[in-house]
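Student: Quick one, structure_21.cif (mmCIF, C-alpha atoms and all ligand atoms):
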```cif
data_protein
#
loop_
_atom_site.label_atom_id
_atom_site.label_comp_id
_atom_site.auth_asym_id
_atom_site.auth_seq_id
_atom_site.Cartn_x
_atom_site.Cartn_y
_atom_site.Cartn_z
CA MET A 937 64.07 30.13 -198.51
CA SER A 938 64.81 26.51 -197.62
CA ILE A 939 68.41 25.41 -197.69
CA ALA A 940 70.40 22.33 -196.60
CA ILE A 941 73.25 21.82 -194.13
CA HIS A 942 75.40 18.87 -195.20
CA LEU A 943 77.72 17.08 -192.81
CA ALA A 944 80.90 16.20 -194.72
CA ASP A 945 81.96 12.53 -194.93
CA SER A 946 78.42 11.36 -194.16
CA ASP A 947 74.96 11.17 -195.72
CA ILE A 948 73.56 13.53 -193.12
CA VAL A 949 71.64 16.53 -194.43
CA ALA A 950 69.75 18.88 -192.10
CA PRO A 951 67.00 21.10 -193.52
CA ALA A 952 67.21 24.81 -192.62
CA GLU A 953 65.95 28.24 -193.57
CA GLU A 954 68.21 31.05 -194.72
CA GLY A 955 69.72 32.75 -191.67
CA ASP A 956 69.42 29.71 -189.38
CA LEU A 957 72.34 28.97 -187.09
CA ILE A 958 74.19 25.90 -188.30
CA LEU A 959 74.27 24.27 -184.86
CA ASP A 960 70.52 24.79 -184.35
CA ALA A 961 69.70 23.20 -187.69
CA LEU A 962 71.91 20.18 -187.06
CA LEU A 963 70.62 19.63 -183.53
CA LEU A 964 67.02 20.02 -184.65
CA ALA A 965 67.63 17.28 -187.23
CA GLY A 966 68.96 15.03 -184.45
CA VAL A 967 72.59 15.19 -185.57
CA PRO A 968 74.98 14.54 -182.65
CA MET A 969 77.11 17.66 -182.30
CA ALA A 970 79.51 18.72 -179.58
CA TYR A 971 78.41 22.01 -178.01
CA SER A 972 78.29 23.73 -174.67
CA CYS A 973 77.68 27.49 -174.16
CA GLN A 974 75.85 28.19 -177.46
CA GLN A 975 77.05 31.79 -177.08
CA GLY A 976 80.38 31.76 -178.94
CA ASN A 977 82.37 31.64 -175.72
CA CYS A 978 83.71 28.11 -175.27
CA GLY A 979 84.79 26.83 -178.71
CA THR A 980 83.21 23.40 -178.21
CA CYS A 981 81.12 23.61 -181.40
CA LYS A 982 84.11 24.52 -183.58
CA CYS A 983 83.96 22.86 -186.98
CA GLU A 984 85.30 23.27 -190.49
CA LEU A 985 83.35 25.16 -193.14
CA VAL A 986 83.91 23.09 -196.27
CA GLN A 987 81.75 25.26 -198.50
CA GLY A 988 78.77 27.56 -198.52
CA GLU A 989 77.71 31.10 -197.84
CA VAL A 990 77.66 31.98 -194.15
CA MET A 991 77.60 34.97 -191.84
CA ASP A 992 79.41 35.06 -188.48
CA LEU A 993 77.70 36.54 -185.44
CA ASP A 994 79.77 37.93 -182.52
CA TYR A 995 81.98 35.45 -180.67
CA SER A 996 84.95 35.40 -178.32
CA GLU A 997 88.42 35.20 -179.88
CA TYR A 998 89.23 32.74 -177.12
CA ALA A 999 86.67 30.37 -178.66
CA LEU A 1000 87.88 30.88 -182.23
CA THR A 1001 91.11 32.73 -183.00
CA PRO A 1002 91.48 34.93 -186.11
CA GLU A 1003 94.03 32.38 -187.43
CA GLU A 1004 91.52 29.55 -187.05
CA ARG A 1005 88.82 31.59 -188.79
CA ALA A 1006 91.25 32.34 -191.63
CA ARG A 1007 91.82 28.57 -191.97
CA GLY A 1008 88.09 28.06 -192.51
CA LEU A 1009 87.03 27.04 -189.02
CA ILE A 1010 83.74 28.37 -187.67
CA LEU A 1011 81.66 28.20 -184.50
CA ALA A 1012 78.50 26.37 -185.49
CA CYS A 1013 76.54 28.12 -182.73
CA ARG A 1014 77.41 31.61 -184.05
CA THR A 1015 77.33 31.01 -187.80
CA GLN A 1016 74.25 31.62 -189.92
CA ALA A 1017 73.83 29.69 -193.16
CA TRP A 1018 72.70 31.80 -196.12
CA GLY A 1019 72.69 29.04 -198.74
CA ASP A 1020 73.48 25.31 -198.89
CA VAL A 1021 76.41 24.69 -196.58
CA THR A 1022 78.77 21.77 -195.89
CA VAL A 1023 80.56 21.51 -192.55
CA ARG A 1024 82.90 18.89 -191.09
CA ARG A 1025 83.06 17.96 -187.40
CA LEU A 1026 86.59 18.26 -186.04
CA ASP A 1027 86.47 15.66 -183.34
CA ASP A 1028 84.53 12.98 -185.14
CA GLU A 1029 86.39 9.99 -183.82
CA GLU A 1030 86.13 11.26 -180.27
CA LEU A 1031 82.50 12.30 -180.25
CA VAL A 1032 80.68 10.42 -177.52
CA VAL A 1033 76.97 10.16 -177.93
CA HIS A 1034 74.66 9.40 -175.05
CA PRO A 1035 70.91 9.62 -175.50
CA GLU A 1036 69.55 12.94 -174.24
CA ARG A 1037 67.27 12.33 -171.26
CA PHE A 1038 64.62 14.51 -169.67
CA MET A 1039 64.26 13.35 -166.10
CA ARG A 1040 62.36 14.04 -162.92
CA CYS A 1041 64.66 13.79 -159.88
CA LYS A 1042 64.29 14.14 -156.15
CA VAL A 1043 66.78 15.91 -153.91
CA ALA A 1044 68.33 13.10 -151.86
CA LEU A 1045 71.03 15.00 -149.98
CA LEU A 1046 72.21 18.57 -149.39
CA GLU A 1047 75.54 19.35 -147.79
CA ASP A 1048 77.62 22.51 -147.34
CA LEU A 1049 80.99 21.94 -148.98
CA THR A 1050 82.17 25.49 -148.26
CA HIS A 1051 80.54 28.76 -147.16
CA ASP A 1052 79.17 29.22 -150.71
CA ILE A 1053 79.21 25.80 -152.41
CA LYS A 1054 76.55 23.17 -151.80
CA ARG A 1055 76.75 19.51 -152.66
CA VAL A 1056 73.44 18.48 -154.19
CA VAL A 1057 72.74 14.78 -154.65
CA LEU A 1058 69.73 13.88 -156.79
CA LYS A 1059 67.96 10.59 -157.27
CA ILE A 1060 66.49 9.91 -160.69
CA GLU A 1061 62.78 9.13 -160.31
CA SER A 1062 61.75 8.90 -163.94
CA GLY A 1063 63.10 9.51 -167.44
CA GLY A 1064 66.32 7.44 -167.06
CA PRO A 1065 68.42 5.44 -167.53
CA TYR A 1066 71.00 8.22 -167.69
CA SER A 1067 74.44 7.60 -169.12
CA PHE A 1068 77.20 10.18 -169.48
CA THR A 1069 80.95 10.45 -169.82
CA ALA A 1070 82.98 11.92 -166.96
CA GLY A 1071 83.28 15.69 -167.42
CA GLN A 1072 79.87 16.29 -169.03
CA TYR A 1073 77.12 18.47 -167.62
CA ALA A 1074 73.34 18.58 -167.25
CA LYS A 1075 70.74 21.34 -167.35
CA ILE A 1076 68.86 21.58 -164.06
CA GLU A 1077 65.61 23.39 -163.35
CA PHE A 1078 65.73 24.04 -159.61
CA LEU A 1079 63.18 26.83 -160.12
CA PRO A 1080 60.41 26.55 -162.71
CA LEU A 1081 61.55 27.96 -166.06
CA THR A 1082 65.03 28.78 -164.70
CA THR A 1083 67.51 26.33 -166.17
CA ARG A 1084 71.22 26.32 -165.28
CA ASP A 1085 74.14 24.14 -166.34
CA TYR A 1086 75.96 22.06 -163.73
CA SER A 1087 78.61 19.37 -164.27
CA MET A 1088 78.17 15.93 -162.79
CA ALA A 1089 80.71 15.41 -159.99
CA ASN A 1090 80.08 11.69 -159.62
CA VAL A 1091 81.79 9.00 -161.67
CA PRO A 1092 79.48 7.41 -164.28
CA ALA A 1093 78.11 4.11 -162.99
CA ALA A 1094 79.04 0.85 -164.63
CA GLY A 1095 75.51 -0.53 -165.08
CA ALA A 1096 72.28 1.24 -166.03
CA ASP A 1097 70.06 -0.35 -163.38
CA THR A 1098 72.19 0.05 -160.30
CA ASP A 1099 71.44 2.48 -157.45
CA ASP A 1100 74.63 4.31 -158.42
CA ALA A 1101 73.27 4.93 -161.91
CA LYS A 1102 70.22 6.64 -160.42
CA ARG A 1103 72.32 9.05 -158.35
CA LEU A 1104 73.68 12.36 -159.65
CA GLU A 1105 75.92 14.74 -157.74
CA PHE A 1106 76.47 18.45 -158.41
CA HIS A 1107 78.42 21.27 -156.71
CA VAL A 1108 76.40 24.46 -156.79
CA ARG A 1109 78.15 27.73 -155.98
CA ALA A 1110 76.10 30.72 -154.85
CA VAL A 1111 76.43 33.36 -157.54
CA PRO A 1112 75.70 36.89 -156.24
CA GLY A 1113 72.29 37.83 -157.62
CA GLY A 1114 71.88 34.41 -159.26
CA ALA A 1115 68.27 33.32 -158.82
CA ALA A 1116 68.85 29.57 -159.20
CA SER A 1117 71.99 29.29 -157.08
CA GLN A 1118 70.53 31.50 -154.32
CA PHE A 1119 67.45 29.30 -154.29
CA VAL A 1120 69.69 26.23 -153.88
CA GLN A 1121 71.57 27.91 -151.01
CA GLY A 1122 68.54 29.05 -149.07
CA LYS A 1123 65.39 27.23 -150.07
CA LEU A 1124 66.06 23.90 -151.76
CA ALA A 1125 65.10 21.01 -149.47
CA VAL A 1126 65.57 17.26 -149.42
CA GLY A 1127 62.62 15.54 -151.11
CA GLN A 1128 61.93 18.39 -153.54
CA THR A 1129 61.47 17.56 -157.23
CA VAL A 1130 63.69 19.08 -159.91
CA ARG A 1131 63.89 18.57 -163.64
CA VAL A 1132 67.20 17.54 -165.18
CA SER A 1133 68.18 17.03 -168.82
CA GLY A 1134 71.45 15.92 -170.33
CA PRO A 1135 74.13 14.93 -170.80
CA TYR A 1136 75.84 17.77 -172.70
CA GLY A 1137 79.33 19.09 -173.33
CA ALA A 1138 82.49 17.91 -175.03
CA SER A 1139 85.05 18.54 -172.32
CA TYR A 1140 84.89 14.94 -171.19
CA LEU A 1141 87.45 12.30 -170.37
CA ARG A 1142 89.03 10.76 -173.46
CA GLU A 1143 88.86 7.22 -172.16
CA SER A 1144 91.18 5.77 -174.79
CA HIS A 1145 94.01 8.05 -173.68
CA GLN A 1146 96.05 6.28 -171.04
CA GLY A 1147 98.85 8.87 -170.85
CA ALA A 1148 99.58 11.53 -168.26
CA ILE A 1149 96.77 13.88 -167.21
CA LEU A 1150 96.99 17.45 -165.99
CA ALA A 1151 93.80 18.75 -164.38
CA ILE A 1152 93.31 22.36 -163.33
CA ALA A 1153 90.16 23.30 -161.43
CA GLY A 1154 88.98 26.59 -159.96
CA GLY A 1155 86.24 26.73 -157.29
CA SER A 1156 83.21 24.59 -158.13
CA GLY A 1157 85.00 23.70 -161.40
CA LEU A 1158 86.25 20.85 -159.26
CA ALA A 1159 83.00 18.96 -159.95
CA PRO A 1160 83.73 17.71 -163.50
CA ILE A 1161 87.41 17.31 -162.65
CA GLU A 1162 86.53 15.02 -159.74
CA SER A 1163 84.45 12.91 -162.08
CA ILE A 1164 87.23 12.77 -164.70
CA LEU A 1165 90.00 11.93 -162.23
CA GLY A 1166 87.87 9.45 -160.28
CA ARG A 1167 87.08 7.66 -163.50
CA THR A 1168 90.61 7.54 -164.98
CA LEU A 1169 92.17 6.43 -161.68
CA ALA A 1170 89.56 3.72 -161.12
CA ALA A 1171 90.04 2.55 -164.72
CA GLY A 1172 93.70 1.83 -163.99
CA ASN A 1173 95.50 4.75 -165.66
CA SER A 1174 98.94 4.34 -164.09
CA ASN A 1175 100.58 7.37 -165.73
CA PRO A 1176 101.03 10.59 -163.76
CA VAL A 1177 97.68 12.19 -162.88
CA ARG A 1178 98.20 15.69 -161.53
CA LEU A 1179 95.58 17.99 -160.02
CA TYR A 1180 95.91 21.69 -159.31
CA PHE A 1181 92.93 23.10 -157.42
CA GLY A 1182 92.83 26.88 -157.18
CA VAL A 1183 90.67 28.77 -154.67
CA ARG A 1184 90.84 32.15 -152.95
CA ALA A 1185 91.31 31.14 -149.30
CA LEU A 1186 91.27 28.19 -146.91
CA ARG A 1187 87.54 28.52 -146.37
CA ASP A 1188 87.04 27.77 -150.09
CA VAL A 1189 88.90 24.42 -149.99
CA TYR A 1190 86.81 21.28 -150.11
CA HIS A 1191 87.25 17.55 -150.70
CA GLU A 1192 90.88 17.64 -149.61
CA ASP A 1193 90.17 14.37 -147.78
CA LEU A 1194 89.22 12.84 -151.12
CA PHE A 1195 92.53 13.94 -152.71
CA LYS A 1196 94.41 12.51 -149.72
CA ALA A 1197 92.61 9.19 -150.11
CA TRP A 1198 93.39 9.10 -153.84
CA ALA A 1199 97.05 9.93 -153.18
CA ALA A 1200 97.25 7.07 -150.66
CA GLN A 1201 95.54 4.62 -153.00
CA TYR A 1202 97.12 5.63 -156.32
CA PRO A 1203 100.89 6.32 -156.26
CA ASN A 1204 100.62 8.10 -159.65
CA PHE A 1205 98.20 10.76 -158.30
CA ARG A 1206 99.46 14.03 -156.84
CA TYR A 1207 97.61 17.21 -156.01
CA THR A 1208 98.37 20.81 -155.11
CA ILE A 1209 95.86 23.21 -153.60
CA VAL A 1210 96.62 26.82 -154.45
CA LEU A 1211 95.32 29.77 -152.42
CA SER A 1212 95.35 33.10 -154.22
CA ASN A 1213 94.39 35.44 -151.35
CA GLU A 1214 96.18 34.04 -148.32
CA GLU A 1215 99.16 31.93 -147.30
CA ALA A 1216 98.89 28.76 -145.23
CA PRO A 1217 101.31 25.92 -144.47
CA GLY A 1218 100.85 22.95 -146.83
CA TYR A 1219 99.20 25.06 -149.54
CA ALA A 1220 100.75 26.80 -152.53
CA HIS A 1221 100.21 30.53 -152.87
CA GLY A 1222 99.39 32.60 -155.97
CA LEU A 1223 97.25 32.13 -159.02
CA VAL A 1224 96.77 28.48 -159.89
CA THR A 1225 98.15 29.07 -163.40
CA GLU A 1226 101.31 30.70 -161.96
CA VAL A 1227 101.98 27.59 -159.87
CA VAL A 1228 101.35 25.31 -162.86
CA ALA A 1229 103.71 27.46 -164.94
CA ARG A 1230 106.47 27.03 -162.32
CA GLU A 1231 106.07 23.30 -161.93
CA LEU A 1232 105.15 22.06 -165.41
CA THR A 1233 108.20 20.43 -166.98
CA GLY A 1234 106.78 18.90 -170.18
CA VAL A 1235 103.53 18.22 -172.02
CA ILE A 1236 104.44 15.33 -174.33
CA GLY A 1237 101.80 12.59 -174.31
CA MET A 1238 99.73 14.58 -171.84
CA LYS A 1239 96.10 15.66 -171.95
CA ALA A 1240 94.78 18.58 -169.93
CA TYR A 1241 91.32 19.06 -168.45
CA LEU A 1242 90.42 22.56 -167.26
CA ALA A 1243 87.28 23.71 -165.47
CA GLY A 1244 86.40 26.86 -163.58
CA PRO A 1245 86.06 30.61 -164.05
CA PRO A 1246 86.58 31.76 -167.67
CA VAL A 1247 89.59 33.91 -166.76
CA MET A 1248 91.37 30.91 -165.22
CA VAL A 1249 90.46 28.60 -168.09
CA GLU A 1250 91.67 31.15 -170.65
CA ALA A 1251 94.98 31.71 -168.82
CA ALA A 1252 95.58 27.96 -168.47
CA THR A 1253 94.74 27.34 -172.13
CA ARG A 1254 97.18 30.06 -173.16
CA LEU A 1255 99.91 28.70 -170.90
CA LEU A 1256 99.57 25.13 -172.15
CA GLY A 1257 99.55 26.32 -175.76
CA GLU A 1258 102.77 28.28 -175.13
CA ARG A 1259 104.32 25.14 -173.63
CA GLY A 1260 103.55 23.22 -176.83
CA MET A 1261 100.36 21.36 -175.98
CA ALA A 1262 98.17 20.86 -179.06
CA ALA A 1263 94.67 22.35 -178.89
CA ARG A 1264 93.16 18.87 -179.39
CA ASP A 1265 94.75 17.79 -176.09
CA ILE A 1266 93.27 20.65 -174.08
CA HIS A 1267 89.70 20.05 -172.92
CA ALA A 1268 88.29 23.12 -171.30
CA ASP A 1269 85.02 23.85 -169.56
CA ALA A 1270 84.63 27.52 -168.66
CA PHE A 1271 81.92 28.18 -166.05
CA TYR A 1272 80.03 31.17 -167.38
CA THR A 1273 77.48 32.71 -165.04
CA GLU A 1274 74.10 33.78 -166.35
CA ALA A 1275 75.37 37.40 -166.28
CA ASP A 1276 78.34 36.34 -168.47
CA ARG A 1277 75.98 34.65 -170.90
CA GLN A 1278 73.73 37.70 -171.19
CA GLY A 1279 76.46 40.17 -171.93
CA ASN A 1280 79.77 38.56 -172.73
CA THR A 1281 80.55 37.62 -176.27
CA ALA A 1282 83.49 39.95 -176.65
FE1 LIG B 1 79.61 27.28 -179.70
FE2 LIG B 1 80.32 27.33 -177.11
S1 LIG B 1 78.88 26.02 -178.12
S2 LIG B 1 81.17 28.42 -178.78
#
```
Can I see the file as structure tokens?
Tutor:
Amino acid sequence: MSIAIHLADSDIVAPAEEGDLILDALLLAGVPMAYSCQQGNCGTCKCELVQGEVMDLDYSEYALTPEERARGLILACRTQAWGDVTVRRLDDEELVVHPERFMRCKVALLEDLTHDIKRVVLKIESGGPYSFTAGQYAKIEFLPLTTRDYSMANVPAAGADTDDAKRLEFHVRAVPGGAASQFVQGKLAVGQTVRVSGPYGASYLRESHQGAILAIAGGSGLAPIESILGRTLAAGNSNPVRLYFGVRALRDVYHEDLFKAWAAQYPNFRYTIVLSNEEAPGYAHGLVTEVVARELTGVIGMKAYLAGPPVMVEAATRLLGERGMAARDIHADAFYTEADRQGNTA
């Protein structure tokens, strides 16, 4: 039976069938919605159920806590509508909307950043112009019919027609058994064509916030964090900008020269690289969240940006919540592998 999904405080109504997922219906109707994993893992699509009959599918309690569900919040990607429904977006005033693009790109540069992370620079050949906000991601088809999500590591360009605007940079980590990332490691070559669509994701830089920033990255989660920090520093944010970059060992560290250059250029920028599996002079030792917990003195006026393995993102989110940071000030991008997506909604 046909039903309707209403967006509160607007005239927007999306048609749907009984049992449709609310996010699917809204996206299909062209309604701009924040979303990321579409699996109930990240919490990006969280919104308020104003009224209507719904059924929840499985989701992670990290994405939506029992308290939030009891207050009437839902995950639009894991909620079926079984009658006319009204929902309200939580982050309305902050929702950035860039047109979704479907582009053909050429591989312009490949570089080993570490033993298992490759820097992939693409040049947009057709389908642009592409605009995005620092921290967002794209879907890339390195192999036909095998699409994976990767965050842009470059800072968005100022103008649409510049060479910079046609260049996209990604950090691709080899995932054991991962078809796409193994292809990138071993077979992708300069000059090859790949399909890219985007931008997506809501864990992006809140440009109007000029206060202190705490960024925590794990592994190739550095990509969106580099974009966010590069953008806020270049835009003149003079409040403390603090980066913690957690990796296993020295051989996993990359772009330290970039952090050094930022620290020399911007007196408000400081960084700490944390090694979990070995000790080395000049580097902190332990889990990145343990080091943040030791050094963090206050969170007032601060926003946090987190990106990396889900376990790190969850621990950092918990820590910042315990220290009094409001959920609206924590912007988290957990890097789920394809294996996570297939089996992990618990
Ligand atoms: Fe719904 Fe991630 S998009 S929880």
Student: What is the atom CA of Glu1077 of chain A to atom CA of Leu1011 of chain A distance in Å?
Tutor: 27.0 Å
Student: Given a cut-off of 6 Å, what residues near ligand LIG 1 (chain B) show up using all atoms listed in the file, put as a list in words?
Tutor: Tyr971, Ser972, Cys973, Gln974, Gln975, Gly976, Asn977, Cys978, Gly979, Thr980, Cys981, Ala999, Leu1011, Ala1012 and Cys1013 of chain A
Student: Could you name the residues that touch Gly1182 of chain A at 9 Å or less, counting only C-alpha atoms, but leaving out those on the same chain fewer than 3 positions away, as a ChimeraX atom specification?
Tutor: /A:1152-1155,1189,1208-1212,1222-1225
Student: For segment 1223-1241 of chain A, take all atoms listed in the file, fit an axis-aligned box around them, add 8 Å to each of the six sides, then output centre and edge lengths in Å rounded to one decimal, as AutoDock Vina command-line options.
Tutor:
```
--center_x 99.8 --center_y 22.4 --center_z -166.7 --size_x 32.9 --size_y 35.5 --size_z 31.3
```
Student: Give the answer as one residue: which of A:Lys1075, A:Arg1109, A:His1221, A:Lys1059 has the shortest atom-to-atom distance to Gln1128 of chain A, using only C-alpha atoms?
Tutor: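 Result for the nearest residue to Gln1128 of chain A: A:Lys1059.
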Student: Select, from A:Glu989, A:Tyr1272, A:Trp1018, A:Glu953, the residue with the minimum atom-to-atom distance to Gly1114 of chain A, counting only C-alpha atoms.
Tutor: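 For Gly1114 of chain A, the nearest of the given residues is A:Tyr1272.
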Student: Sorted by chain and rising residue number, which residues of segment 1121-1211 of chain A lie within 6 Å of segment 1228-1240 of chain A, and what are their closest atom pairs and distances in Å to one decimal, counting only C-alpha atoms, as JSON lines?
Tutor:
```
{"residue": "A:Gly1147", "atom": "CA", "partner": "A:Met1238", "partner_atom": "CA", "distance": 5.9}
{"residue": "A:Ala1148", "atom": "CA", "partner": "A:Met1238", "partner_atom": "CA", "distance": 4.7}
{"residue": "A:Ile1149", "atom": "CA", "partner": "A:Lys1239", "partner_atom": "CA", "distance": 5.1}
{"residue": "A:Leu1150", "atom": "CA", "partner": "A:Ala1240", "partner_atom": "CA", "distance": 4.7}
{"residue": "A:Ala1151", "atom": "CA", "partner": "A:Ala1240", "partner_atom": "CA", "distance": 5.6}
```
Student: Selected residues, C-alpha atoms, written as an mmCIF file, keeping the file's coordinate frame, please.
Tutor:
```cif
data_model
loop_
_atom_site.group_PDB
_atom_site.id
_atom_site.type_symbol
_atom_site.label_atom_id
_atom_site.label_comp_id
_atom_site.auth_asym_id
_atom_site.auth_seq_id
_atom_site.Cartn_x
_atom_site.Cartn_y
_atom_site.Cartn_z
ATOM 1 C CA GLY A 1147 98.850 8.870 -170.850
ATOM 2 C CA ALA A 1148 99.580 11.530 -168.260
ATOM 3 C CA ILE A 1149 96.770 13.880 -167.210
ATOM 4 C CA LEU A 1150 96.990 17.450 -165.990
ATOM 5 C CA ALA A 1151 93.800 18.750 -164.380
#
```
Student: How many Å lie between atom CA of Ala1089 of chain A and atom CA of Ala1263 of chain A, rounded to one decimal?
Tutor: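 For atom CA of Ala1089 of chain A relative to atom CA of Ala1263 of chain A, the distance reads 24.5 Å.
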Student: What is the distance, in Å and to one decimal place, between atom CA of Leu1165 of chain A and atom CA of Pro968 of chain A?
Tutor: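 Between atom CA of Leu1165 of chain A and atom CA of Pro968 of chain A the gap works out to 25.5 Å.
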Student: I need the residue nearest Glu954 of chain A from this list: A:Glu997, A:Asp1020, A:Glu1004, A:Glu1192. Use only C-alpha atoms for the distance.
Tutor: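 Looking at the shortest contact to Glu954 of chain A, the residue is A:Asp1020.
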Student: With 10 Å as the threshold, what does the neighbourhood of (84.9, 21.1, -187.2) contain in terms of residues, counting all atoms listed in the file? Coordinates are those of the file; answer as an MDAnalysis selection string.
Tutor: chainID A and resid 943:944 969:970 980:986 1008:1012 1023:1028
Student: For a cutoff of 8 Å around the file-coordinate point (82.1, 16.2, -165.5), which residues qualify once you count only C-alpha atoms? I'd like the result as a ChimeraX atom specification.
Tutor: /A:1069-1073,1087-1090,1139-1140,1159-1164
Student: Would you mind listing what lies within 12 Å of Trp1198 of chain A as a PyMOL selection string, with only C-alpha atoms counted and same-chain residues fewer than 2 positions away left out?
Tutor: chain A and resi 1162+1165-1170+1177-1179+1191-1196+1200-1207
Student: Could you check the closest approach to Pro1035 of chain A for each of A:Tyr1136, A:Tyr1086, A:Tyr1190, A:Tyr998 and tell me which residue wins, using all atoms listed in the file?
Tutor: A:Tyr1136
Student: Rank nothing, just name the residue among A:Ala1094, A:Arg1142, A:Ala1074, A:Ile1053 nearest to Val1120 of chain A, using all atoms listed in the file.
Tutor: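 Comparing A:Ala1094, A:Arg1142, A:Ala1074, A:Ile1053 against Val1120 of chain A, the winner is A:Ile1053.
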Student: Which residues are near Leu1124 of chain A? Cut-off 9 Å, only C-alpha atoms, ignore same chain within fewer than 6 positions. Put them as a PDB file with C-alpha atoms, keeping the file's coordinate frame.
Tutor:
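The resulting file, out.pdb, is shown below:
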```
ATOM      1  CA  VAL A1043      66.780  15.910-153.910  1.00  0.00           C
ATOM      2  CA  LEU A1046      72.210  18.570-149.390  1.00  0.00           C
ATOM      3  CA  PHE A1078      65.730  24.040-159.610  1.00  0.00           C
TER       4      PHE A1078
END
```
Student: Find, counting all atoms listed in the file, the residue in A:Asn1173, A:Val1108, A:Arg1084, A:Ser946 that gets nearest to His1051 of chain A.
Tutor: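 The shortest atom-to-atom distance to His1051 of chain A comes from A:Val1108.
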Student: Mind checking which residues fall within 12 Å of segment 1098-1100 of chain A, counting only C-alpha atoms, ignoring those fewer than 3 positions away in the same chain, and posting them as a PyMOL selection string?
Tutor: chain A and resi 1057-1061+1064-1067+1090-1095+1103-1105
